[in-house]
file query_39.pdb (PDB, C-alpha atoms, pLDDT in the B column)
ATOM      1  CA  MET N  56     -18.968   6.367 -22.503  1.00 60.00           C
ATOM      2  CA  SER N  57     -17.337   9.143 -20.483  1.00 73.00           C
ATOM      3  CA  ASN N  58     -15.814  12.156 -22.195  1.00 87.00           C
ATOM      4  CA  MET N  59     -12.301  11.055 -21.188  1.00 91.00           C
ATOM      5  CA  TYR N  60     -12.746   7.515 -22.523  1.00 92.00           C
ATOM      6  CA  THR N  61     -14.134   8.814 -25.820  1.00 93.00           C
ATOM      7  CA  TRP N  62     -11.351  11.414 -26.028  1.00 93.00           C
ATOM      8  CA  LEU N  63      -8.601   8.788 -25.591  1.00 95.00           C
ATOM      9  CA  GLU N  64     -10.212   6.440 -28.120  1.00 93.00           C
ATOM     10  CA  THR N  65     -10.365   9.304 -30.629  1.00 95.00           C
ATOM     11  CA  VAL N  66      -6.738  10.300 -30.060  1.00 95.00           C
ATOM     12  CA  LEU N  67      -5.561   6.721 -30.580  1.00 96.00           C
ATOM     13  CA  GLN N  68      -7.619   6.365 -33.754  1.00 95.00           C
ATOM     14  CA  GLN N  69      -6.573   9.673 -35.291  1.00 96.00           C
ATOM     15  CA  GLU N  70      -3.021  10.183 -34.049  1.00 97.00           C
ATOM     16  CA  TYR N  71      -1.652   6.628 -33.974  1.00 98.00           C
ATOM     17  CA  ARG N  72      -1.260   3.765 -36.405  1.00 98.00           C
ATOM     18  CA  PHE N  73      -1.574   0.090 -35.482  1.00 97.00           C
ATOM     19  CA  ILE N  74       1.749  -1.795 -35.611  1.00 98.00           C
ATOM     20  CA  ARG N  75       1.000  -5.239 -34.216  1.00 97.00           C
ATOM     21  CA  ASN N  76      -0.988  -7.187 -31.684  1.00 97.00           C
ATOM     22  CA  ILE N  77       0.884  -8.654 -28.736  1.00 93.00           C
ATOM     23  CA  LYS N  78      -1.980 -10.377 -26.966  1.00 89.00           C
ATOM     24  CA  ARG N  79      -5.642 -10.993 -27.623  1.00 91.00           C
ATOM     25  CA  ALA N  80      -7.716 -12.651 -24.919  1.00 86.00           C
ATOM     26  CA  GLU N  81     -11.297 -12.521 -23.712  1.00 83.00           C
ATOM     27  CA  ASN N  82     -10.677  -9.704 -21.237  1.00 86.00           C
ATOM     28  CA  ASN N  83      -7.435  -8.200 -22.465  1.00 89.00           C
ATOM     29  CA  THR N  84      -6.062  -6.949 -25.783  1.00 94.00           C
ATOM     30  CA  ILE N  85      -2.557  -5.488 -26.055  1.00 96.00           C
ATOM     31  CA  ASN N  86      -1.372  -3.620 -29.158  1.00 97.00           C
ATOM     32  CA  VAL N  87       1.751  -1.781 -30.197  1.00 98.00           C
ATOM     33  CA  MET N  88       0.827   1.553 -31.778  1.00 98.00           C
ATOM     34  CA  GLU N  89       2.925   4.333 -33.290  1.00 98.00           C
ATOM     35  CA  ASN N  90       2.396   8.085 -33.310  1.00 97.00           C
ATOM     36  CA  ILE N  91       1.952   9.203 -36.932  1.00 97.00           C
ATOM     37  CA  HIS N  92       3.783  12.486 -36.303  1.00 97.00           C
ATOM     38  CA  ASN N  93       6.921  11.465 -34.416  1.00 97.00           C
ATOM     39  CA  SER N  94       6.995   7.635 -34.816  1.00 97.00           C
ATOM     40  CA  ARG N  95       6.988   7.187 -31.049  1.00 97.00           C
ATOM     41  CA  ARG N  96       5.628   3.773 -30.111  1.00 97.00           C
ATOM     42  CA  VAL N  97       3.413   2.952 -27.141  1.00 98.00           C
ATOM     43  CA  ILE N  98       1.681  -0.071 -25.663  1.00 97.00           C
ATOM     44  CA  VAL N  99      -2.106   0.230 -25.651  1.00 97.00           C
ATOM     45  CA  LYS N 100      -4.110  -2.144 -23.453  1.00 96.00           C
ATOM     46  CA  TYR N 101      -7.863  -2.600 -23.724  1.00 95.00           C
ATOM     47  CA  ILE N 102      -8.974  -4.266 -20.493  1.00 93.00           C
ATOM     48  CA  THR N 103     -12.367  -5.401 -19.288  1.00 91.00           C
ATOM     49  CA  GLY N 104     -12.847  -4.039 -15.780  1.00 85.00           C
ATOM     50  CA  ASP N 105     -11.355  -1.266 -13.693  1.00 82.00           C
ATOM     51  CA  VAL N 106      -7.579  -1.020 -13.297  1.00 86.00           C
ATOM     52  CA  PRO N 107      -6.779   0.642  -9.955  1.00 88.00           C
ATOM     53  CA  VAL N 108      -3.173  -0.592 -10.019  1.00 92.00           C
ATOM     54  CA  TYR N 109      -2.479   1.252 -13.285  1.00 93.00           C
ATOM     55  CA  GLU N 110      -4.063   4.364 -11.787  1.00 91.00           C
ATOM     56  CA  HIS N 111      -1.430   4.142  -9.037  1.00 92.00           C
ATOM     57  CA  LEU N 112       1.378   3.438 -11.501  1.00 94.00           C
ATOM     58  CA  ILE N 113       0.685   6.590 -13.493  1.00 93.00           C
ATOM     59  CA  ASN N 114       2.247   8.497 -10.592  1.00 89.00           C
ATOM     60  CA  ILE N 115       5.332   6.273 -10.367  1.00 93.00           C
ATOM     61  CA  GLN N 116       8.468   6.647 -12.485  1.00 92.00           C
ATOM     62  CA  HIS N 117      11.356   4.261 -11.921  1.00 96.00           C
ATOM     63  CA  ASP N 118      14.158   2.885 -14.083  1.00 95.00           C
ATOM     64  CA  ASN N 119      12.903  -0.681 -13.653  1.00 97.00           C
ATOM     65  CA  LEU N 120       9.215  -0.005 -14.365  1.00 97.00           C
ATOM     66  CA  PRO N 121       7.431   1.050 -17.559  1.00 96.00           C
ATOM     67  CA  ILE N 122       6.013   4.576 -17.684  1.00 96.00           C
ATOM     68  CA  VAL N 123       2.205   4.660 -17.642  1.00 97.00           C
ATOM     69  CA  TYR N 124       1.019   7.645 -19.675  1.00 97.00           C
ATOM     70  CA  GLU N 125      -2.778   7.437 -19.602  1.00 96.00           C
ATOM     71  CA  VAL N 126      -5.398   5.389 -17.753  1.00 95.00           C
ATOM     72  CA  VAL N 127      -9.113   5.793 -18.446  1.00 94.00           C
ATOM     73  CA  SER N 128     -11.937   3.578 -17.163  1.00 91.00           C
ATOM     74  CA  ASP N 129     -15.646   3.737 -17.856  1.00 90.00           C
ATOM     75  CA  ASN N 130     -18.586   1.380 -17.634  1.00 88.00           C
ATOM     76  CA  GLY N 131     -16.487  -1.738 -17.002  1.00 88.00           C
ATOM     77  CA  LYS N 132     -13.870  -1.026 -19.677  1.00 92.00           C
ATOM     78  CA  SER N 133     -10.393   0.488 -19.421  1.00 94.00           C
ATOM     79  CA  ILE N 134      -7.683   1.779 -21.741  1.00 96.00           C
ATOM     80  CA  VAL N 135      -4.079   1.930 -20.561  1.00 96.00           C
ATOM     81  CA  VAL N 136      -1.344   3.631 -22.571  1.00 97.00           C
ATOM     82  CA  GLU N 137       2.172   2.873 -21.429  1.00 97.00           C
ATOM     83  CA  GLU N 138       5.776   2.991 -22.532  1.00 97.00           C
ATOM     84  CA  PHE N 139       6.842   0.673 -25.341  1.00 97.00           C
ATOM     85  CA  ILE N 140      10.021  -1.113 -24.272  1.00 96.00           C
ATOM     86  CA  ASP N 141      12.195  -2.269 -27.143  1.00 95.00           C
ATOM     87  CA  GLY N 142      14.124  -5.269 -25.897  1.00 96.00           C
ATOM     88  CA  ILE N 143      14.145  -8.974 -25.159  1.00 97.00           C
ATOM     89  CA  THR N 144      12.404 -10.852 -22.367  1.00 97.00           C
ATOM     90  CA  VAL N 145      14.155 -13.150 -19.941  1.00 97.00           C
ATOM     91  CA  GLY N 146      11.921 -15.874 -21.388  1.00 97.00           C
ATOM     92  CA  GLU N 147      13.399 -15.278 -24.843  1.00 97.00           C
ATOM     93  CA  VAL N 148      16.926 -15.365 -23.430  1.00 97.00           C
ATOM     94  CA  LEU N 149      16.174 -18.720 -21.784  1.00 97.00           C
ATOM     95  CA  GLU N 150      15.190 -20.123 -25.162  1.00 96.00           C
ATOM     96  CA  THR N 151      18.860 -19.810 -26.154  1.00 96.00           C
ATOM     97  CA  GLY N 152      20.472 -20.966 -22.904  1.00 97.00           C
ATOM     98  CA  LEU N 153      20.687 -20.542 -19.137  1.00 98.00           C
ATOM     99  CA  TYR N 154      21.951 -17.575 -17.162  1.00 97.00           C
ATOM    100  CA  ASN N 155      25.237 -17.643 -15.272  1.00 96.00           C
ATOM    101  CA  ASP N 156      25.619 -16.450 -11.685  1.00 96.00           C
ATOM    102  CA  ASP N 157      26.462 -12.855 -12.619  1.00 96.00           C
ATOM    103  CA  GLY N 158      23.587 -12.634 -15.085  1.00 97.00           C
ATOM    104  CA  VAL N 159      21.088 -13.866 -12.505  1.00 97.00           C
ATOM    105  CA  TYR N 160      22.371 -11.388  -9.939  1.00 97.00           C
ATOM    106  CA  ARG N 161      22.035  -8.434 -12.290  1.00 97.00           C
ATOM    107  CA  VAL N 162      18.495  -9.271 -13.404  1.00 98.00           C
ATOM    108  CA  ILE N 163      17.210 -10.239  -9.953  1.00 98.00           C
ATOM    109  CA  LYS N 164      18.746  -7.160  -8.330  1.00 97.00           C
ATOM    110  CA  GLU N 165      16.818  -4.887 -10.697  1.00 98.00           C
ATOM    111  CA  VAL N 166      13.608  -6.904 -10.377  1.00 98.00           C
ATOM    112  CA  CYS N 167      13.926  -6.451  -6.613  1.00 98.00           C
ATOM    113  CA  GLU N 168      14.456  -2.710  -7.093  1.00 98.00           C
ATOM    114  CA  ALA N 169      11.160  -2.571  -8.995  1.00 98.00           C
ATOM    115  CA  LEU N 170       9.384  -4.615  -6.323  1.00 97.00           C
ATOM    116  CA  TYR N 171      10.781  -2.407  -3.579  1.00 97.00           C
ATOM    117  CA  VAL N 172       9.015   0.566  -5.175  1.00 97.00           C
ATOM    118  CA  LEU N 173       5.792  -1.354  -5.861  1.00 96.00           C
ATOM    119  CA  HIS N 174       5.567  -2.869  -2.397  1.00 96.00           C
ATOM    120  CA  GLY N 175       6.213   0.543  -0.878  1.00 95.00           C
ATOM    121  CA  LYS N 176       3.027   1.682  -2.635  1.00 93.00           C
ATOM    122  CA  GLY N 177       1.088  -1.376  -1.502  1.00 94.00           C
ATOM    123  CA  ILE N 178       1.141  -3.000  -4.960  1.00 95.00           C
ATOM    124  CA  ILE N 179       1.604  -6.771  -5.252  1.00 94.00           C
ATOM    125  CA  HIS N 180       2.652  -7.832  -8.776  1.00 94.00           C
ATOM    126  CA  ARG N 181       1.462 -11.482  -8.568  1.00 91.00           C
ATOM    127  CA  ASP N 182       2.782 -12.570 -11.986  1.00 92.00           C
ATOM    128  CA  ILE N 183       6.568 -12.493 -11.861  1.00 95.00           C
ATOM    129  CA  LYS N 184       7.915 -14.791 -14.576  1.00 96.00           C
ATOM    130  CA  PRO N 185      10.513 -14.692 -17.400  1.00 97.00           C
ATOM    131  CA  GLU N 186       8.015 -13.353 -19.963  1.00 95.00           C
ATOM    132  CA  ASN N 187       7.236 -10.342 -17.755  1.00 96.00           C
ATOM    133  CA  ILE N 188      10.813  -9.141 -17.469  1.00 98.00           C
ATOM    134  CA  ILE N 189      12.353  -7.220 -20.372  1.00 98.00           C
ATOM    135  CA  ILE N 190      15.959  -6.167 -20.862  1.00 97.00           C
ATOM    136  CA  ASP N 191      15.870  -3.062 -23.050  1.00 96.00           C
ATOM    137  CA  ARG N 192      18.443  -1.977 -25.631  1.00 94.00           C
ATOM    138  CA  ASN N 193      20.365  -0.061 -22.948  1.00 94.00           C
ATOM    139  CA  GLY N 194      20.577  -3.114 -20.705  1.00 94.00           C
ATOM    140  CA  ASN N 195      17.974  -1.907 -18.206  1.00 96.00           C
ATOM    141  CA  VAL N 196      15.723  -4.527 -16.641  1.00 98.00           C
ATOM    142  CA  LYS N 197      11.998  -3.704 -16.660  1.00 98.00           C
ATOM    143  CA  LEU N 198       9.241  -5.511 -14.774  1.00 98.00           C
ATOM    144  CA  ILE N 199       6.042  -5.375 -16.848  1.00 95.00           C
ATOM    145  CA  ASP N 200       2.406  -6.576 -17.001  1.00 91.00           C
ATOM    146  CA  PHE N 201       0.291  -5.471 -14.050  1.00 92.00           C
ATOM    147  CA  ASN N 202      -3.004  -6.878 -15.294  1.00 86.00           C
ATOM    148  CA  ILE N 203      -3.440  -9.186 -12.291  1.00 84.00           C
ATOM    149  CA  SER N 204      -1.594  -7.020  -9.784  1.00 88.00           C
ATOM    150  CA  ARG N 205      -3.537  -5.785  -6.798  1.00 82.00           C
ATOM    151  CA  ILE N 206      -3.464  -3.179  -4.074  1.00 85.00           C
ATOM    152  CA  ASN N 207      -2.761  -5.060  -0.856  1.00 73.00           C
ATOM    153  CA  MET N 208      -5.912  -5.332   1.286  1.00 53.00           C
ATOM    154  CA  HIS N 209      -4.615  -6.123   4.772  1.00 50.00           C
ATOM    155  CA  LYS N 210      -8.025  -7.158   6.131  1.00 47.00           C
ATOM    156  CA  GLN N 211      -8.799  -9.650   3.375  1.00 46.00           C
ATOM    157  CA  ALA N 212      -8.618 -13.266   4.583  1.00 40.00           C
ATOM    158  CA  LYS N 213      -7.790 -14.771   1.209  1.00 45.00           C
ATOM    159  CA  ASP N 214      -7.765 -13.936  -2.493  1.00 44.00           C
ATOM    160  CA  THR N 215     -11.211 -14.306  -4.023  1.00 40.00           C
ATOM    161  CA  VAL N 216      -9.987 -15.080  -7.545  1.00 43.00           C
ATOM    162  CA  VAL N 217      -7.244 -17.536  -8.510  1.00 40.00           C
ATOM    163  CA  LEU N 218      -4.739 -15.689 -10.689  1.00 45.00           C
ATOM    164  CA  GLY N 219      -1.101 -16.119 -11.657  1.00 52.00           C
ATOM    165  CA  THR N 220       1.071 -18.360 -13.792  1.00 66.00           C
ATOM    166  CA  THR N 221       1.209 -22.024 -12.815  1.00 66.00           C
ATOM    167  CA  GLY N 222       4.621 -22.878 -11.402  1.00 77.00           C
ATOM    168  CA  TYR N 223       5.438 -19.294 -10.488  1.00 82.00           C
ATOM    169  CA  ALA N 224       2.331 -18.401  -8.458  1.00 76.00           C
ATOM    170  CA  SER N 225       2.658 -18.733  -4.698  1.00 73.00           C
ATOM    171  CA  PRO N 226       0.461 -21.270  -2.845  1.00 71.00           C
ATOM    172  CA  GLU N 227      -1.673 -18.471  -1.389  1.00 66.00           C
ATOM    173  CA  GLN N 228      -2.619 -17.330  -4.901  1.00 68.00           C
ATOM    174  CA  TYR N 229      -4.740 -20.463  -5.139  1.00 63.00           C
ATOM    175  CA  GLY N 230      -7.141 -19.095  -2.547  1.00 58.00           C
ATOM    176  CA  ILE N 231      -5.422 -20.576   0.509  1.00 54.00           C
ATOM    177  CA  SER N 232      -4.775 -17.175   2.089  1.00 57.00           C
ATOM    178  CA  ASP N 233      -4.319 -13.508   1.235  1.00 73.00           C
ATOM    179  CA  THR N 234      -1.497 -12.559  -1.132  1.00 78.00           C
ATOM    180  CA  ASP N 235       1.037  -9.994   0.047  1.00 88.00           C
ATOM    181  CA  ARG N 236       4.614  -8.963  -0.738  1.00 92.00           C
ATOM    182  CA  ARG N 237       5.843 -12.421   0.290  1.00 94.00           C
ATOM    183  CA  SER N 238       3.864 -13.865  -2.623  1.00 94.00           C
ATOM    184  CA  ASP N 239       6.120 -11.945  -5.019  1.00 96.00           C
ATOM    185  CA  ILE N 240       9.158 -13.150  -3.080  1.00 97.00           C
ATOM    186  CA  TYR N 241       8.035 -16.747  -3.697  1.00 96.00           C
ATOM    187  CA  SER N 242       7.841 -16.080  -7.446  1.00 96.00           C
ATOM    188  CA  VAL N 243      11.285 -14.452  -7.446  1.00 97.00           C
ATOM    189  CA  GLY N 244      12.694 -17.648  -5.938  1.00 97.00           C
ATOM    190  CA  ILE N 245      11.127 -19.752  -8.692  1.00 96.00           C
ATOM    191  CA  LEU N 246      12.455 -17.290 -11.283  1.00 97.00           C
ATOM    192  CA  ILE N 247      16.020 -17.552  -9.938  1.00 98.00           C
ATOM    193  CA  ASN N 248      15.943 -21.339 -10.125  1.00 97.00           C
ATOM    194  CA  VAL N 249      14.519 -21.365 -13.670  1.00 97.00           C
ATOM    195  CA  MET N 250      17.164 -18.894 -14.854  1.00 98.00           C
ATOM    196  CA  LEU N 251      19.923 -21.133 -13.477  1.00 98.00           C
ATOM    197  CA  THR N 252      18.585 -24.621 -14.242  1.00 97.00           C
ATOM    198  CA  GLY N 253      15.710 -24.209 -16.691  1.00 96.00           C
ATOM    199  CA  ASN N 254      13.443 -26.027 -14.228  1.00 95.00           C
ATOM    200  CA  HIS N 255      11.117 -25.509 -11.283  1.00 95.00           C
ATOM    201  CA  PRO N 256      12.981 -26.240  -8.000  1.00 95.00           C
ATOM    202  CA  ALA N 257      10.637 -29.188  -7.383  1.00 92.00           C
ATOM    203  CA  LYS N 258      12.185 -30.816 -10.456  1.00 95.00           C
ATOM    204  CA  ARG N 259      15.768 -29.606 -10.204  1.00 96.00           C
ATOM    205  CA  MET N 260      17.189 -27.354  -7.510  1.00 97.00           C
ATOM    206  CA  CYS N 261      20.021 -24.956  -8.284  1.00 97.00           C
ATOM    207  CA  THR N 262      23.308 -25.296  -6.408  1.00 95.00           C
ATOM    208  CA  GLY N 263      25.845 -22.960  -4.867  1.00 93.00           C
ATOM    209  CA  ARG N 264      24.993 -19.740  -3.080  1.00 94.00           C
ATOM    210  CA  TRP N 265      21.608 -19.420  -4.809  1.00 97.00           C
ATOM    211  CA  GLN N 266      20.271 -22.696  -3.402  1.00 97.00           C
ATOM    212  CA  LYS N 267      19.781 -21.299   0.097  1.00 97.00           C
ATOM    213  CA  ILE N 268      18.076 -18.198  -1.308  1.00 98.00           C
ATOM    214  CA  VAL N 269      15.680 -20.195  -3.505  1.00 98.00           C
ATOM    215  CA  ASN N 270      14.845 -22.522  -0.615  1.00 97.00           C
ATOM    216  CA  ARG N 271      13.991 -19.582   1.646  1.00 97.00           C
ATOM    217  CA  CYS N 272      11.962 -17.738  -1.009  1.00 97.00           C
ATOM    218  CA  THR N 273       9.821 -20.743  -1.868  1.00 96.00           C
ATOM    219  CA  ARG N 274       8.747 -21.967   1.549  1.00 95.00           C
ATOM    220  CA  ILE N 275       5.080 -22.986   1.551  1.00 92.00           C
ATOM    221  CA  ASN N 276       4.440 -20.995   4.714  1.00 93.00           C
ATOM    222  CA  PRO N 277       4.853 -17.265   3.928  1.00 94.00           C
ATOM    223  CA  ASP N 278       6.076 -16.673   7.492  1.00 94.00           C
ATOM    224  CA  GLU N 279       9.151 -18.776   6.729  1.00 96.00           C
ATOM    225  CA  ARG N 280      10.160 -16.789   3.616  1.00 96.00           C
ATOM    226  CA  TYR N 281      12.075 -13.538   3.472  1.00 97.00           C
ATOM    227  CA  GLN N 282       9.562 -11.120   4.924  1.00 96.00           C
ATOM    228  CA  ASP N 283      10.254  -8.216   2.570  1.00 96.00           C
ATOM    229  CA  ILE N 284      12.256  -7.310  -0.512  1.00 97.00           C
ATOM    230  CA  GLU N 285      14.879  -5.471   1.541  1.00 97.00           C
ATOM    231  CA  GLU N 286      15.724  -8.689   3.379  1.00 97.00           C
ATOM    232  CA  LEU N 287      15.962 -10.590   0.097  1.00 97.00           C
ATOM    233  CA  MET N 288      18.173  -7.913  -1.462  1.00 96.00           C
ATOM    234  CA  LYS N 289      20.595  -8.081   1.456  1.00 96.00           C
ATOM    235  CA  ASN N 290      20.975 -11.822   0.924  1.00 96.00           C
ATOM    236  CA  ILE N 291      21.616 -11.720  -2.840  1.00 94.00           C
ATOM    237  CA  ARG N 292      24.500  -9.259  -2.599  1.00 85.00           C
TER     238      ARG N 292
END

call {"tool": "encode", "arguments": {"input": "query_39.pdb", "output": "structure tokens"}}
result
Amino acid sequence: MSNMYTWLETVLQQEYRFIRNIKRAENNTINVMENIHNSRRVIVKYITGDVPVYEHLINIQHDNLPIVYEVVSDNGKSIVVEEFIDGITVGEVLETGLYNDDGVYRVIKEVCEALYVLHGKGIIHRDIKPENIIIDRNGNVKLIDFNISRINMHKQAKDTVVLGTTGYASPEQYGISDTDRRSDIYSVGILINVMLTGNHPAKRMCTGRWQKIVNRCTRINPDERYQDIEELMKNIR
């Protein structure tokens, strides 16, 4: 292991205590850990593979994105330390009821603000869904989980690996063509409909002013969707 990887492992073992596990999968373990000196909590991710997106995120600070503190990769393994966000996910809110028009606008506006920053850096999130959006104790909306995000490769004909959450993933994420910022726009459209109706638009389409927006976001052909987040933001105002 590299000196930096070993150093970060040692710091986490000696200076932090384990609080709880959030996720444990074959290639990804996520823990909440707490500094033993100041009780500050962080998210620690142990990921199999390199994480170039997190290496980009460490240089980005934005109100609607988690802070990435440390990223170390070595020999096919990575450790990511990022901000612990104390709050509730949109998924958890939906377990208690649907969002009204104003609630959808507020959440989607801030999700779009996060995507505006990410897309400006060439980062495609690729997993926008209720469980990946947290409203913190101050009411700020945070877009999280970049484990399947990618740096946009303009010359790539199509994605080589099928990734994303069924129902929210755009058609091109199934290897039909290359994912780009319009793939995230597709997922935002699905998210809006779920927040309003509890269902995928194929099962039940929302009504009112949001219907036109959802229809445009979720076109099968990416060329028929909003072409960037700025265009979408103008239409949700």

call {"tool": "resolve_selection", "arguments": {"input": "query_39.pdb", "expression": "the PyMOL selection byres ((chain N and resi 245) around 12)", "output": "ChimeraX atom specification"}}
result
/N:163,182-185,220-225,238-244,246-261,265-266,268-274

call {"tool": "residues_around", "arguments": {"input": "query_39.pdb", "residues": "segment 285-287 of chain N", "least_positions_apart": "2", "cutoff": "9 Å", "atoms": "only C-alpha atoms", "output": "NGL selection string"}}
result
:N and (167 or 171 or 240 or 268 or 272 or 281-283 or 289-291)

call {"tool": "closest_atom_pairs", "arguments": {"input": "query_39.pdb", "of": "segment 95-129 of chain N", "to": "segment 192-207 of chain N", "cutoff": "7 Å", "atoms": "all atoms listed in the file", "output": "CSV"}}
result
residue,atom,partner,partner_atom,distance
N:Val108,CA,N:Arg205,CA,6.1
N:Asn119,CA,N:Lys197,CA,4.4
N:Leu120,CA,N:Lys197,CA,5.2
N:Pro121,CA,N:Ile199,CA,6.6

call {"tool": "atom_distance", "arguments": {"input": "query_39.pdb", "atom1": "atom CA of Ser133 of chain N", "atom2": "atom CA of Val172 of chain N"}}
result
24.1 Å

call {"tool": "closest_residue", "arguments": {"input": "query_39.pdb", "among": "N:Asn58, N:Thr151, N:Ser94, N:Asn187", "to": "Tyr71 of chain N", "atoms": "only C-alpha atoms"}}
result
N:Ser94

call {"tool": "atom_distance", "arguments": {"input": "query_39.pdb", "atom1": "atom CA of Arg264 of chain N", "atom2": "atom CA of Leu173 of chain N"}}
result
26.7 Å

call {"tool": "atom_distance", "arguments": {"input": "query_39.pdb", "atom1": "atom CA of Thr61 of chain N", "atom2": "atom CA of Gln116 of chain N"}}
result
26.3 Å

call {"tool": "closest_residue", "arguments": {"input": "query_39.pdb", "among": "N:Met288, N:Ile98, N:Ile178, N:Ile275", "to": "Asp235 of chain N", "atoms": "all atoms listed in the file"}}
result
N:Ile178

call {"tool": "residues_around", "arguments": {"input": "query_39.pdb", "residues": "Arg95 of chain N", "least_positions_apart": "4", "cutoff": "12 Å", "atoms": "only C-alpha atoms", "output": "ChimeraX atom specification"}}
result
/N:70-74,87-91,137-141

call {"tool": "closest_residue", "arguments": {"input": "query_39.pdb", "among": "N:Glu125, N:Glu279, N:Asp233, N:Glu147", "to": "Glu110 of chain N", "atoms": "only C-alpha atoms"}}
result
N:Glu125

call {"tool": "resolve_selection", "arguments": {"input": "query_39.pdb", "expression": "the PyMOL selection byres ((chain N and resi 109) around 8)", "output": "list in words"}}
result
Val106, Pro107, Val108, Glu110, His111, Leu112, Ile113, Val123, Val126, Val135 and Phe201 of chain N

call {"tool": "resolve_selection", "arguments": {"input": "query_39.pdb", "expression": "the PyMOL selection byres ((chain N and resi 131) around 12)", "output": "list in words"}}
result
Met56, Ser57, Tyr60, Asn82, Tyr101, Ile102, Thr103, Gly104, Asp105, Val106, Val127, Ser128, Asp129, Asn130, Lys132, Ser133 and Ile134 of chain N

call {"tool": "axis_aligned_box", "arguments": {"input": "query_39.pdb", "around": "segment 282-290 of chain N", "padding_each_side": "8 Å", "output": "lines of an AutoDock Vina configuration file"}}
result
center_x = 15.3
center_y = -8.6
center_z = 1.7
size_x = 27.4
size_y = 22.4
size_z = 22.4
